[in-house]
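S.K.: File work36.txt follows (compact mmCIF, C-alpha atoms and all ligand atoms):
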```txt
# COMPACT_ATOMS: atom_id res chain seq x y z
CA MET A 1 17.74 44.90 107.67
CA SER A 2 16.18 41.47 107.41
CA ASP A 3 13.08 41.03 105.31
CA THR A 4 11.07 39.56 108.15
CA HIS A 5 7.79 41.33 108.70
CA ARG A 6 6.33 41.42 112.20
CA SER A 7 2.90 42.37 113.42
CA GLY A 8 1.05 42.36 116.70
CA PHE A 9 -0.29 44.20 119.69
CA ALA A 10 1.13 46.22 122.53
CA CYS A 11 -0.38 48.12 125.42
CA PHE A 12 0.99 50.64 127.88
CA VAL A 13 0.25 50.47 131.55
CA GLY A 14 1.16 52.72 134.42
CA ARG A 15 -0.52 54.93 136.91
CA PRO A 16 -2.53 57.98 135.82
CA ASN A 17 -0.45 60.73 134.24
CA ALA A 18 2.48 58.42 133.60
CA GLY A 19 2.50 59.68 130.01
CA LYS A 20 0.95 56.68 128.27
CA SER A 21 -1.30 58.58 125.86
CA THR A 22 1.35 61.10 124.93
CA LEU A 23 3.82 58.31 124.28
CA THR A 24 1.31 56.45 122.14
CA ASN A 25 0.76 59.57 120.08
CA ALA A 26 4.50 60.11 119.71
CA LEU A 27 4.98 56.53 118.51
CA VAL A 28 2.12 56.72 116.08
CA GLY A 29 3.07 60.17 114.85
CA GLY A 30 -0.22 61.88 115.48
CA LYS A 31 -3.62 61.08 116.78
CA VAL A 32 -4.98 58.19 114.80
CA ALA A 33 -7.21 56.54 117.30
CA ILE A 34 -10.81 56.50 116.28
CA THR A 35 -11.98 55.69 119.69
CA SER A 36 -14.99 53.60 118.88
CA SER A 37 -13.13 51.31 116.51
CA LYS A 38 -12.90 47.71 117.56
CA PRO A 39 -10.66 45.43 115.55
CA GLN A 40 -11.75 41.90 114.83
CA THR A 41 -8.65 40.30 116.27
CA THR A 42 -9.06 41.83 119.70
CA ARG A 43 -11.92 43.18 121.70
CA HIS A 44 -9.99 46.25 122.69
CA ALA A 45 -10.05 49.73 121.28
CA ILE A 46 -7.10 50.64 119.14
CA ARG A 47 -5.19 53.68 120.29
CA GLY A 48 -2.97 53.86 117.27
CA ILE A 49 -1.01 51.91 114.71
CA VAL A 50 2.70 52.22 114.03
CA HIS A 51 3.30 51.44 110.37
CA ARG A 52 6.82 50.59 109.31
CA PRO A 53 8.25 48.77 106.31
CA ASP A 54 9.27 45.92 108.61
CA ALA A 55 6.36 45.84 111.04
CA GLN A 56 2.91 46.87 112.07
CA LEU A 57 2.49 47.56 115.76
CA VAL A 58 -1.06 48.02 117.02
CA ILE A 59 -1.31 49.83 120.35
CA VAL A 60 -4.48 48.97 122.24
CA ASP A 61 -6.19 50.64 125.13
CA THR A 62 -6.54 49.23 128.60
CA PRO A 63 -8.70 50.62 131.32
CA GLY A 64 -6.72 51.66 134.35
CA LEU A 65 -5.94 49.10 136.99
CA HIS A 66 -7.40 49.95 140.38
CA ARG A 67 -6.84 48.75 143.85
CA PRO A 68 -9.98 46.64 144.11
CA ARG A 69 -12.23 47.91 146.87
CA THR A 70 -15.41 46.46 145.41
CA LEU A 71 -16.51 43.51 143.38
CA LEU A 72 -16.83 45.81 140.40
CA GLY A 73 -13.25 46.91 140.94
CA GLU A 74 -12.15 43.31 140.89
CA ARG A 75 -14.07 42.62 137.70
CA LEU A 76 -12.46 45.64 136.05
CA ASN A 77 -9.07 44.36 137.04
CA ASP A 78 -9.92 41.03 135.45
CA VAL A 79 -10.55 42.87 132.20
CA VAL A 80 -7.19 44.59 132.50
CA ARG A 81 -5.36 41.35 133.15
CA GLN A 82 -7.19 39.77 130.24
CA THR A 83 -5.92 42.54 127.95
CA TRP A 84 -2.40 42.13 129.19
CA SER A 85 -2.47 38.45 128.43
CA GLU A 86 -3.76 39.06 124.90
CA VAL A 87 -1.08 41.46 123.71
CA ASP A 88 2.39 40.50 122.53
CA VAL A 89 4.26 43.01 124.63
CA VAL A 90 3.44 45.30 127.55
CA GLY A 91 5.11 48.65 128.21
CA PHE A 92 5.14 49.72 131.85
CA CYS A 93 5.46 53.50 132.10
CA ALA A 94 6.90 55.37 135.07
CA PRO A 95 7.59 59.11 134.86
CA ALA A 96 11.18 60.19 135.51
CA ASP A 97 10.07 63.03 137.77
CA GLN A 98 8.26 60.90 140.33
CA LYS A 99 9.55 58.28 142.70
CA VAL A 100 8.47 54.70 142.13
CA GLY A 101 5.66 54.50 144.65
CA PRO A 102 2.91 52.22 145.94
CA GLY A 103 0.78 52.85 142.83
CA ASP A 104 3.58 51.54 140.62
CA LYS A 105 4.32 48.65 142.94
CA PHE A 106 0.69 47.57 142.88
CA ILE A 107 0.63 47.42 139.08
CA LEU A 108 4.00 45.68 138.96
CA GLY A 109 2.71 43.11 141.44
CA GLU A 110 -0.10 42.33 139.02
CA LEU A 111 2.28 42.26 136.07
CA VAL A 112 4.38 39.50 137.62
CA LYS A 113 1.93 36.86 136.46
CA VAL A 114 1.73 38.36 132.97
CA ALA A 115 5.49 38.51 132.65
CA ARG A 116 5.74 34.73 132.67
CA LYS A 117 4.15 34.71 129.24
CA THR A 118 4.38 38.24 127.86
CA PRO A 119 7.50 40.40 127.86
CA VAL A 120 7.18 43.59 129.91
CA ILE A 121 9.34 46.54 128.88
CA GLY A 122 10.05 49.18 131.52
CA VAL A 123 9.75 52.71 130.15
CA VAL A 124 10.96 55.76 132.06
CA THR A 125 8.90 58.60 130.58
CA LYS A 126 9.28 62.40 130.55
CA THR A 127 13.08 62.35 130.71
CA ASP A 128 13.11 65.96 129.52
CA LEU A 129 11.84 67.03 132.95
CA VAL A 130 14.85 65.90 134.97
CA PRO A 131 18.66 65.85 134.81
CA PRO A 132 20.35 62.69 133.46
CA GLU A 133 21.35 61.48 136.96
CA GLN A 134 17.73 61.33 137.94
CA VAL A 135 16.87 59.33 134.82
CA ALA A 136 19.64 56.90 135.74
CA ALA A 137 18.35 56.65 139.30
CA GLN A 138 14.85 55.94 138.03
CA LEU A 139 16.12 53.20 135.70
CA LEU A 140 17.86 51.65 138.66
CA ALA A 141 14.77 51.87 140.84
CA LEU A 142 12.72 50.12 138.16
CA GLN A 143 15.35 47.46 137.71
CA GLU A 144 15.15 46.69 141.39
CA ALA A 145 11.36 46.65 141.41
CA PHE A 146 10.76 44.22 138.55
CA ASP A 147 12.38 41.79 136.18
CA PHE A 148 11.84 43.76 132.96
CA ALA A 149 12.61 42.28 129.55
CA GLU A 150 14.13 45.67 128.62
CA LEU A 151 14.45 49.10 130.19
CA VAL A 152 14.42 52.31 128.20
CA PRO A 153 14.19 56.02 129.02
CA VAL A 154 12.13 58.17 126.63
CA SER A 155 10.69 61.63 126.21
CA ALA A 156 7.53 61.83 124.13
CA LYS A 157 7.85 65.59 124.27
CA ASP A 158 11.15 65.92 122.44
CA GLY A 159 11.10 62.51 120.77
CA TYR A 160 14.13 61.22 122.68
CA GLN A 161 14.43 57.43 122.18
CA VAL A 162 10.88 57.06 120.91
CA GLY A 163 12.29 55.24 117.87
CA THR A 164 14.35 52.98 120.13
CA LEU A 165 11.26 52.06 122.10
CA ALA A 166 9.43 51.28 118.84
CA ASP A 167 12.32 48.96 117.88
CA LEU A 168 12.19 47.18 121.24
CA LEU A 169 8.43 46.69 121.02
CA VAL A 170 8.55 45.50 117.40
CA ALA A 171 11.29 43.00 118.25
CA ARG A 172 8.83 41.27 120.57
CA LEU A 173 6.11 40.83 117.95
CA PRO A 174 5.58 37.56 116.12
CA GLU A 175 6.35 37.31 112.44
CA GLY A 176 3.33 37.99 110.28
CA PRO A 177 1.75 40.26 107.68
CA ALA A 178 0.15 43.61 108.50
CA LEU A 179 -3.05 43.13 110.49
CA TYR A 180 -4.53 46.30 109.06
CA PRO A 181 -3.32 46.65 105.48
CA GLY A 182 -3.16 50.20 104.22
CA GLY A 183 -3.72 51.62 107.65
CA GLU A 184 -7.37 50.70 107.89
CA LEU A 185 -8.62 50.72 111.43
CA THR A 186 -12.08 49.28 110.97
CA ASP A 187 -14.33 47.85 108.30
CA GLU A 188 -15.63 51.34 107.70
CA PRO A 189 -14.71 52.77 104.34
CA GLU A 190 -11.81 55.15 104.66
CA ALA A 191 -13.96 58.08 103.57
CA VAL A 192 -16.18 57.61 106.61
CA LEU A 193 -13.20 57.63 108.95
CA VAL A 194 -11.78 60.68 107.20
CA GLY A 195 -15.16 62.40 107.60
CA GLU A 196 -15.14 61.53 111.30
CA LEU A 197 -11.69 63.04 111.79
CA ILE A 198 -12.80 66.25 110.08
CA ARG A 199 -15.98 66.37 112.15
CA GLU A 200 -14.03 65.86 115.35
CA ALA A 201 -11.61 68.65 114.43
CA ALA A 202 -14.47 70.95 113.47
CA LEU A 203 -16.22 70.36 116.80
CA GLU A 204 -13.11 70.95 118.87
CA GLY A 205 -13.73 73.90 121.16
CA VAL A 206 -17.26 74.62 119.88
CA ARG A 207 -19.01 71.49 121.07
CA ASP A 208 -21.20 73.53 123.42
CA GLU A 209 -22.30 75.93 120.72
CA LEU A 210 -22.80 73.32 118.01
CA PRO A 211 -23.65 70.11 119.78
CA HIS A 212 -25.22 68.06 117.01
CA SER A 213 -25.34 70.49 114.16
CA ILE A 214 -22.33 69.39 112.17
CA ALA A 215 -22.16 66.74 109.50
CA VAL A 216 -19.28 66.06 107.15
CA THR A 217 -19.33 64.49 103.73
CA VAL A 218 -16.20 63.47 101.92
CA GLU A 219 -16.92 64.10 98.26
CA GLU A 220 -13.70 62.86 96.79
CA MET A 221 -10.39 61.26 97.73
CA VAL A 222 -8.10 60.98 94.72
CA PRO A 223 -4.34 60.71 94.26
CA ARG A 224 -2.88 63.91 92.83
CA GLU A 225 -2.18 63.37 89.16
CA GLY A 226 1.35 62.21 88.50
CA ARG A 227 2.10 61.81 92.21
CA ASP A 228 1.76 58.69 94.29
CA ASP A 229 2.55 60.41 97.59
CA LEU A 230 -0.21 63.00 97.69
CA LEU A 231 -3.94 62.52 98.13
CA ASP A 232 -6.47 65.23 97.33
CA VAL A 233 -9.39 65.16 99.76
CA HIS A 234 -12.44 67.31 99.13
CA ALA A 235 -14.99 67.57 101.89
CA PHE A 236 -17.99 69.60 102.99
CA VAL A 237 -18.76 70.60 106.54
CA PHE A 238 -22.52 71.05 106.87
CA VAL A 239 -24.14 73.27 109.45
CA GLU A 240 -27.82 74.06 109.91
CA ARG A 241 -27.86 77.83 110.06
CA PRO A 242 -25.86 80.68 108.58
CA SER A 243 -24.89 81.84 112.10
CA GLN A 244 -23.25 78.47 112.68
CA LYS A 245 -21.27 78.86 109.50
CA GLY A 246 -19.62 81.88 111.05
CA ILE A 247 -18.64 79.90 114.13
CA ILE A 248 -16.97 77.20 112.05
CA LEU A 249 -15.23 79.70 109.80
CA GLY A 250 -14.03 81.99 112.57
CA HIS A 251 -12.63 85.47 112.03
CA ARG A 252 -11.55 85.72 108.39
CA GLY A 253 -11.71 81.95 108.09
CA GLU A 254 -8.89 81.48 110.59
CA ARG A 255 -10.72 78.82 112.55
CA LEU A 256 -11.56 76.71 109.51
CA LYS A 257 -7.93 76.90 108.47
CA GLN A 258 -6.94 75.56 111.89
CA VAL A 259 -9.57 72.80 111.66
CA GLY A 260 -8.16 71.87 108.25
CA THR A 261 -4.61 71.68 109.57
CA VAL A 262 -5.55 69.48 112.52
CA ALA A 263 -7.74 67.19 110.42
CA ARG A 264 -5.15 66.93 107.66
CA GLN A 265 -2.44 65.80 110.07
CA GLN A 266 -4.73 63.13 111.45
CA ILE A 267 -5.81 61.94 108.02
CA GLU A 268 -2.15 61.74 107.00
CA ALA A 269 -1.39 59.62 110.05
CA LEU A 270 -4.41 57.42 109.36
CA LEU A 271 -3.68 56.80 105.71
CA GLY A 272 0.09 57.01 105.80
CA THR A 273 0.26 59.44 102.89
CA ARG A 274 0.49 63.19 102.42
CA VAL A 275 -2.84 64.90 102.04
CA TYR A 276 -4.15 68.09 100.53
CA LEU A 277 -7.40 68.83 102.31
CA ASP A 278 -9.96 71.09 100.66
CA LEU A 279 -12.70 72.02 103.13
CA HIS A 280 -15.88 73.97 102.43
CA VAL A 281 -18.62 74.97 104.83
CA LYS A 282 -22.21 74.73 103.63
CA VAL A 283 -25.52 75.47 105.22
CA ALA A 284 -27.95 72.57 104.89
CA LYS A 285 -31.05 73.88 106.52
CA ASP A 286 -32.42 71.59 109.20
CA TRP A 287 -30.59 68.66 107.73
CA GLN A 288 -31.26 66.63 110.81
CA ARG A 289 -34.98 66.64 110.12
CA ASP A 290 -34.87 66.05 106.39
CA PRO A 291 -34.56 62.39 105.41
CA ARG A 292 -33.36 63.17 101.91
CA GLN A 293 -30.55 65.32 103.18
CA LEU A 294 -29.75 62.85 105.91
CA ARG A 295 -29.32 60.09 103.35
CA ARG A 296 -27.04 62.27 101.31
CA LEU A 297 -24.99 62.93 104.41
CA GLY A 298 -24.67 59.24 105.07
CA PHE A 299 -27.02 58.84 108.00
N1 LIG B 301 7.53 67.23 129.84
C1 LIG B 301 6.86 66.15 129.42
N2 LIG B 301 5.57 65.99 129.74
C2 LIG B 301 4.93 64.89 129.29
C3 LIG B 301 5.58 63.89 128.52
N3 LIG B 301 4.69 62.92 128.27
C4 LIG B 301 3.53 63.30 128.85
N4 LIG B 301 3.67 64.48 129.48
C5 LIG B 301 2.62 65.22 130.22
O1 LIG B 301 2.19 64.44 131.32
C6 LIG B 301 0.78 64.56 131.49
C7 LIG B 301 0.12 63.20 131.44
O2 LIG B 301 0.33 62.63 130.18
P1 LIG B 301 -0.67 61.56 129.55
O3 LIG B 301 -0.04 61.07 128.30
O4 LIG B 301 -2.04 62.10 129.47
O5 LIG B 301 -0.63 60.44 130.67
P2 LIG B 301 -1.47 59.09 130.77
O6 LIG B 301 -0.59 58.11 131.40
O7 LIG B 301 -2.04 58.75 129.44
O8 LIG B 301 -2.60 59.53 131.76
P3 LIG B 301 -3.99 58.80 132.10
O9 LIG B 301 -4.81 58.87 130.84
O10 LIG B 301 -4.52 59.63 133.21
O11 LIG B 301 -3.66 57.40 132.51
C8 LIG B 301 0.30 65.49 130.38
O12 LIG B 301 0.18 66.77 130.92
C9 LIG B 301 1.41 65.43 129.36
O13 LIG B 301 1.52 66.61 128.62
C10 LIG B 301 6.97 64.10 128.21
O14 LIG B 301 7.64 63.30 127.55
N5 LIG B 301 7.55 65.23 128.70
```
Produce structure tokens that represent the structure in this file.
M.R.:
Amino acid sequence: MSDTHRSGFACFVGRPNAGKSTLTNALVGGKVAITSSKPQTTRHAIRGIVHRPDAQLVIVDTPGLHRPRTLLGERLNDVVRQTWSEVDVVGFCAPADQKVGPGDKFILGELVKVARKTPVIGVVTKTDLVPPEQVAAQLLALQEAFDFAELVPVSAKDGYQVGTLADLLVARLPEGPALYPGGELTDEPEAVLVGELIREAALEGVRDELPHSIAVTVEEMVPREGRDDLLDVHAFVFVERPSQKGIILGHRGERLKQVGTVARQQIEALLGTRVYLDLHVKVAKDWQRDPRQLRRLGF
């Protein structure tokens, strides 16, 4: 391996349900995206970051491209084209189980202009759904439809060729140092992001019951003594009433355990290290109305 380090941006395009999000998650190795985060180098939301010793690949979000029926539609499409022209490489996704249709052709028609400047990689997604002949036929159909810089079949579900796709994308990035050293996504301190991931996991499935009643504080994030590959994270999940504590905990604490597992995986993906997550639920009575408590909770 050469010691060149590359860094840059990619985005995936394709019609709805083409498998873009799932593929992004497979590349990134978990859900990292903190949806509101906006990097300084681009105006677009980061969906995830692939960290490798030889590269950092930042996958950004694009709104969907529409057939413009209105002025607003046209404006939206301008935004999309703008994004395409700002990334280093574009991945066009087409699912293996659906014929290349008018929706694909429309997007490809728009991509022609981009492709003069930015390489477009054709990605046949969901290969696990069809026999190999059909994957081959889809590759052929794409080849006929567009002049792709590369073509690759992948399955995000079983991981088939996801690494190959990462290699192809990385090869198109300019040389440069990591844009987000240490996996940082925003200027926010890592503890805040970690708290957000825990809060999001804790709210999953109970948003209706506990709309605004959860706050998370991260008390401590320290490397485990004598280990440089394990981070101990201690955090509190605050609710307002004892009854809400029960909802978070679940039967015999099963739900909290699940929350911890989900949050831990996301924190590991965010920070690029293994994590031991210690979660405790506390009742902070009416914390939303108490300025002292609010301050303590970081509001
Ligand atoms: N079998 C299989 N299903 C997949 C694969 N990738 C995605 N899917 C499924 O296809 C559906 C759409 O996937 P998404 O990743 O949400 O597609 P998307 O392109 O991000 O969709 P939009 O957000 O609507 O643009 C989901 O039900 C996924 O579970 C895959 O590799 N194999």
S.K.: Which polymer residues have any atom within 10 Å of an atom of stretch 255-258 of chain A, counting all atoms listed in the file, with same-chain residues fewer than 5 positions away left out, as a list in words?
M.R.: Ala201, Ala202, Val237, Lys245, Gly246, Ile247, Ile248, Leu249, Gly250, Ala263, Arg264, Asp278, Leu279, His280 and Val281 of chain A
S.K.: Collect all residues with atoms no farther than 7 Å from ligand LIG 301 (chain B), counting all atoms listed in the file, and output them as a list of chain:residue names.
M.R.: A:Gly14, A:Arg15, A:Pro16, A:Asn17, A:Ala18, A:Gly19, A:Lys20, A:Ser21, A:Thr22, A:Leu23, A:Gly64, A:Thr125, A:Lys126, A:Thr127, A:Asp128, A:Leu129, A:Val154, A:Ser155, A:Ala156, A:Lys157, A:Asp158
S.K.: Could you jot down the atom CA of A:Arg199 to atom CA of A:Arg274 separation for me, Å, one decimal place?
M.R.: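 Here the two named atoms are 19.4 Å from each other.
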S.K.: Can you measure atom CA of A:Val222 to atom CA of A:Gln244 for me? One decimal in Å is fine.
M.R.: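 Interatomic distance here is 29.3 Å.
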S.K.: Measuring between all atoms listed in the file, which one of A:Ala26, A:Tyr276, A:Leu57, A:Phe148 shows the shortest distance to A:Pro223?
M.R.: A:Tyr276
S.K.: Have a look at A:Glu150, A:Glu268, A:Glu86, A:Asp229 and name the one nearest to A:Val194; count all atoms listed in the file.
M.R.: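 Of A:Glu150, A:Glu268, A:Glu86, A:Asp229, the one nearest A:Val194, counting all atoms listed in the file, is A:Glu268.
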S.K.: Given only C-alpha atoms as the basis, pick out the residue of A:Asp167, A:Asp104, A:Asp228, A:Asp78 nearest to A:Val50.
M.R.: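 Under the stated criterion, the closest residue is A:Asp167.
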S.K.: Can you measure atom CA of A:Phe92 to atom CA of A:Val152 for me? One decimal in Å is fine.
M.R.: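 Here the two named atoms are 10.3 Å from each other.
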S.K.: Point out the residue among A:Val90, A:Leu231, A:Ala96, A:Val259 with the least atom-to-atom distance to A:Glu204, counting only C-alpha atoms.
M.R.: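 Smallest distance to A:Glu204 is found for A:Val259.
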S.K.: Find, counting all atoms listed in the file, the residue in A:Thr118, A:Gln265, A:Gln161, A:Gln98 that gets nearest to A:Gln138.
M.R.: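 Using all atoms listed in the file, the shortest distance to A:Gln138 belongs to A:Gln98.
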S.K.: Taking (-1.9, 37.4, 120.5) in the file's coordinates as the center, which residues reach within 10 Å of it, counting all atoms listed in the file, put as a list in words?
M.R.: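 Every polymer residue passing the test: Ser7, Gly8, Phe9, Ala10, Thr41, Thr42, Thr83, Trp84, Ser85, Glu86, Val87, Asp88, Val89, Thr118, Leu173 and Pro174 of chain A.
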S.K.: I want to know what sits within 6 Å of A:Val124, based on all atoms listed in the file, with residues of the same chain fewer than 4 positions away left out; could you give that as a CSV table (one decimal) with C-alpha atoms, in the frame of the given file?
M.R.:
```csv
chain,number,residue,atom,x,y,z
A,93,CYS,CA,5.5,53.5,132.1
A,94,ALA,CA,6.9,55.4,135.1
A,95,PRO,CA,7.6,59.1,134.9
A,96,ALA,CA,11.2,60.2,135.5
A,153,PRO,CA,14.2,56.0,129.0
```
S.K.: When distances are computed from only C-alpha atoms, which of A:Ala149, A:Val123, A:Val135, A:Val239 shows the smallest separation from A:Ile214?
M.R.: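 Nearest to A:Ile214: A:Val239.
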S.K.: Pick out the residues sitting within 8 Å of A:Val216, and hand them over as a PyMOL selection string; count all atoms listed in the file, and ignore anything fewer than 5 positions along from it in its own chain.
M.R.: chain A and resi 195-196+198-199+235-238+297
S.K.: For the residues selected in the previous step, produce a file with C-alpha atoms as a JSON list (two decimals), keeping the file's coordinate frame.
M.R.:
```json
[["chain", "number", "residue", "atom", "x", "y", "z"],
["A", 195, "GLY", "CA", -15.16, 62.40, 107.60],
["A", 196, "GLU", "CA", -15.14, 61.53, 111.30],
["A", 198, "ILE", "CA", -12.80, 66.25, 110.08],
["A", 199, "ARG", "CA", -15.98, 66.37, 112.15],
["A", 235, "ALA", "CA", -14.99, 67.57, 101.89],
["A", 236, "PHE", "CA", -17.99, 69.60, 102.99],
["A", 237, "VAL", "CA", -18.76, 70.60, 106.54],
["A", 238, "PHE", "CA", -22.52, 71.05, 106.87],
["A", 297, "LEU", "CA", -24.99, 62.93, 104.41]]
```
